[in-house]
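Contents: one structure, followed by commentary.
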Amino acid sequence: MYSFLSHMAFAPAPDAAQPHVTLTFAQSLDGKIAGKHGQQLILSGPQSMKATHILRSRHDAILVGIGTVLNDDPRLTVRLSPEDLVAETTASALQHPQPVILDTALRFPRTAKLLLPTAPKKPWIVTGPIHNKDKRLELEALGARVFVLEVDAQGRVTLPELLSTLYQQSIQSLMVEGGAGVISSFLKSGLVQSFLLTIAPVYVGEHGVSAVQDAEGAPVFRDISYHSLGQDVMMVAKPAS
């Protein structure tokens, strides 16, 4: 069922000074990734969820925005059984990706699961130059690593600088999972090499959160394939250059 994933390569191009970027998320039939006010929805079935964890195991880092942390409190770990690890990956041991959080105003909660003593890797938090310095020290004392980058006129970290920074930290492959603002920014950036979209057979309705609010600047895709994963369908593609 997951053989198509084993044929995918996530290494950066030889002349690229940035990680290979994989953008992946799940949406409903009507294009929603969350409920009203960002309420978390479990859209992926067990088979497509396993595919997500296989993908996580094959990337050096995983990135989400602060909204995802505040709404979902994710662990961003790989949850595969030893049997699945052997059967579906080439890894001899479970490798968790490095969590990376985009958080320009440093709203990261001190109580997040990513900061628990049991977390396999403490988060890297990417923030802007204007932030609460005392909170930064508190988060660092809890194990987080804080990167301060310049922001653009909209108060956002520029994605090329972000990717360059991660590459300098030996991150060769980055899996981007959400939320909506992060998905939209990466989708339009021209910096994504692999795109995987899980489509769940449900409708959320007009009050749900769309993955992309404005399609202007969104890429055309090539090398498109579709894979049935239980009740879900996963689309695999590459943005056309």
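Going through the structure tokens in order, the chains are called A, B, and so on, while each chain numbers its residues from 1 and the ligands are numbered from 1 in the order shown.
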
**OP:** Please provide the set of residues having any atom within 12 Å of Leu116 in chain A, restricted to only C-alpha atoms, with same-chain residues fewer than 3 positions apart removed, written as number ranges by chain.
**Re:** A: 73-75, 109-113, 119-123, 139, 142-144

**OP:** Name the residues of range 25-229 of chain A that fall into alpha helix (DSSP H) according to DSSP on the backbone, using the chain letters and numbers of this document, as a PyMOL selection string.
**Re:** chain A and resi 46-57+66-72+82-88+133-141+159-168+180-189

Original post:
Can you tell me, as number ranges by chain, what residues are no more than 12 Å from range 206-214 of chain A when counting only C-alpha atoms, ignoring any on the same chain fewer than 2 positions away?
Top reply: A: 23-41, 177-188, 197-199, 203-204, 216-218

How about saving the chosen residues, C-alpha atoms kept, as a tab-separated table (two decimals), in the first residue's frame?
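Result file is selection-v1.tsv:
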```tsv
chain	number	residue	atom	x	y	z
A	23	LEU	CA	4.38	20.10	1.77
A	24	THR	CA	1.72	17.72	3.05
A	25	PHE	CA	-1.68	18.11	4.68
A	26	ALA	CA	-5.14	16.55	4.83
A	27	GLN	CA	-8.33	18.25	3.71
A	28	SER	CA	-12.02	17.49	3.35
A	29	LEU	CA	-13.82	17.15	0.02
A	30	ASP	CA	-14.71	20.84	0.25
A	31	GLY	CA	-11.10	21.89	0.84
A	32	LYS	CA	-11.19	22.47	4.61
A	33	ILE	CA	-8.33	21.59	6.95
A	34	ALA	CA	-9.93	22.67	10.23
A	35	GLY	CA	-13.31	23.46	11.73
A	36	LYS	CA	-14.78	26.78	12.81
A	37	HIS	CA	-12.21	29.06	14.48
A	38	GLY	CA	-9.46	26.56	13.68
A	39	GLN	CA	-10.99	23.69	15.64
A	40	GLN	CA	-8.94	20.53	15.14
A	41	LEU	CA	-10.48	17.92	12.86
A	177	GLU	CA	2.34	20.25	7.79
A	178	GLY	CA	0.41	23.46	8.53
A	179	GLY	CA	-1.61	25.37	9.42
A	180	ALA	CA	-3.44	27.33	6.76
A	181	GLY	CA	-1.17	30.39	6.68
A	182	VAL	CA	1.97	28.30	6.52
A	183	ILE	CA	0.52	26.01	3.83
A	184	SER	CA	-0.53	28.97	1.69
A	185	SER	CA	2.84	30.72	2.05
A	186	PHE	CA	4.85	27.65	1.09
A	187	LEU	CA	2.47	26.69	-1.72
A	188	LYS	CA	2.98	30.08	-3.39
A	197	LEU	CA	-2.41	15.98	-0.32
A	198	THR	CA	-4.70	13.61	1.57
A	199	ILE	CA	-8.39	13.99	0.67
A	203	TYR	CA	-17.66	17.71	4.15
A	204	VAL	CA	-16.89	20.36	6.77
A	216	GLU	CA	-3.42	33.53	-6.92
A	217	GLY	CA	0.21	32.49	-7.24
A	218	ALA	CA	-0.48	28.81	-6.51
```

Subject >> Which of range 20-179 of chain A fall in strand (DSSP E), as JSON, numbers by chain >> reply: {"A": [20, 21, 22, 23, 24, 25, 26, 27, 32, 33, 34, 61, 62, 63, 64, 65, 98, 99, 100, 101, 102, 124, 125, 126, 127, 145, 146, 147, 148, 173, 174, 175, 176, 177, 178]}

**OP:** Pick out the residues sitting within 10 Å of Ser170 in chain A, and hand them over as a PyMOL selection string; count only C-alpha atoms, and ignore anything fewer than 2 positions along from it in its own chain.
**Re:** chain A and resi 18-19+60+165-168+172-173

Print the selection's residues with N, CA and C atoms to a file, as a short mmCIF file (atom, residue, chain, number, x, y, z; two decimals), in the first residue's frame.
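Writing done, so here's part.cif:
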```cif
data_model
loop_
_atom_site.label_atom_id
_atom_site.label_comp_id
_atom_site.auth_asym_id
_atom_site.auth_seq_id
_atom_site.Cartn_x
_atom_site.Cartn_y
_atom_site.Cartn_z
N GLN A 18 19.47 24.82 0.49
CA GLN A 18 18.28 24.75 1.32
C GLN A 18 17.82 23.30 1.37
N PRO A 19 17.01 22.94 2.37
CA PRO A 19 16.51 21.56 2.44
C PRO A 19 15.52 21.27 1.31
N ASP A 60 14.23 15.15 8.08
CA ASP A 60 15.06 15.62 9.20
C ASP A 60 14.29 16.53 10.14
N THR A 165 18.65 29.07 7.02
CA THR A 165 19.03 28.86 8.42
C THR A 165 18.95 27.38 8.79
N LEU A 166 17.88 26.71 8.38
CA LEU A 166 17.74 25.28 8.68
C LEU A 166 18.83 24.46 7.99
N TYR A 167 19.14 24.84 6.76
CA TYR A 167 20.19 24.12 6.02
C TYR A 167 21.54 24.25 6.74
N GLN A 168 21.80 25.42 7.29
CA GLN A 168 23.04 25.64 8.04
C GLN A 168 23.08 24.81 9.32
N GLN A 172 18.50 18.56 6.00
CA GLN A 172 18.52 18.26 4.58
C GLN A 172 17.12 18.11 3.98
N SER A 173 16.15 17.79 4.82
CA SER A 173 14.77 17.59 4.34
C SER A 173 13.80 18.13 5.38
#
```

Subject >> Nearest candidate to Thr68 in chain A (options A:Lys50, A:Val151, A:Ile101, A:Pro129; using only C-alpha atoms) >> reply: A:Ile101

**OP:** Tell me, as a count of residues only, which residues lie within 12 Å of Thr52 in chain A, counting only C-alpha atoms; anything in the same chain fewer than 6 positions away does not count.
**Re:** 27

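When only C-alpha atoms are used to compute distances to Gly65 in chain A, the closest of the residues A:Ile125, A:Gln47, A:His53, A:Thr89 turns out to be A:Ile125.
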
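Residues within 8 Å of Arg156 in chain A, counting only C-alpha atoms and excluding same-chain residues fewer than 3 positions away, are Thr104, Gly128, Val151, Asp152 and Ala153 of chain A.
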
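Counting only C-alpha atoms and comparing A:Val126, A:Ile171, A:Ala16, A:Ala200, the residue that lies closest to Val148 in chain A is A:Val126.
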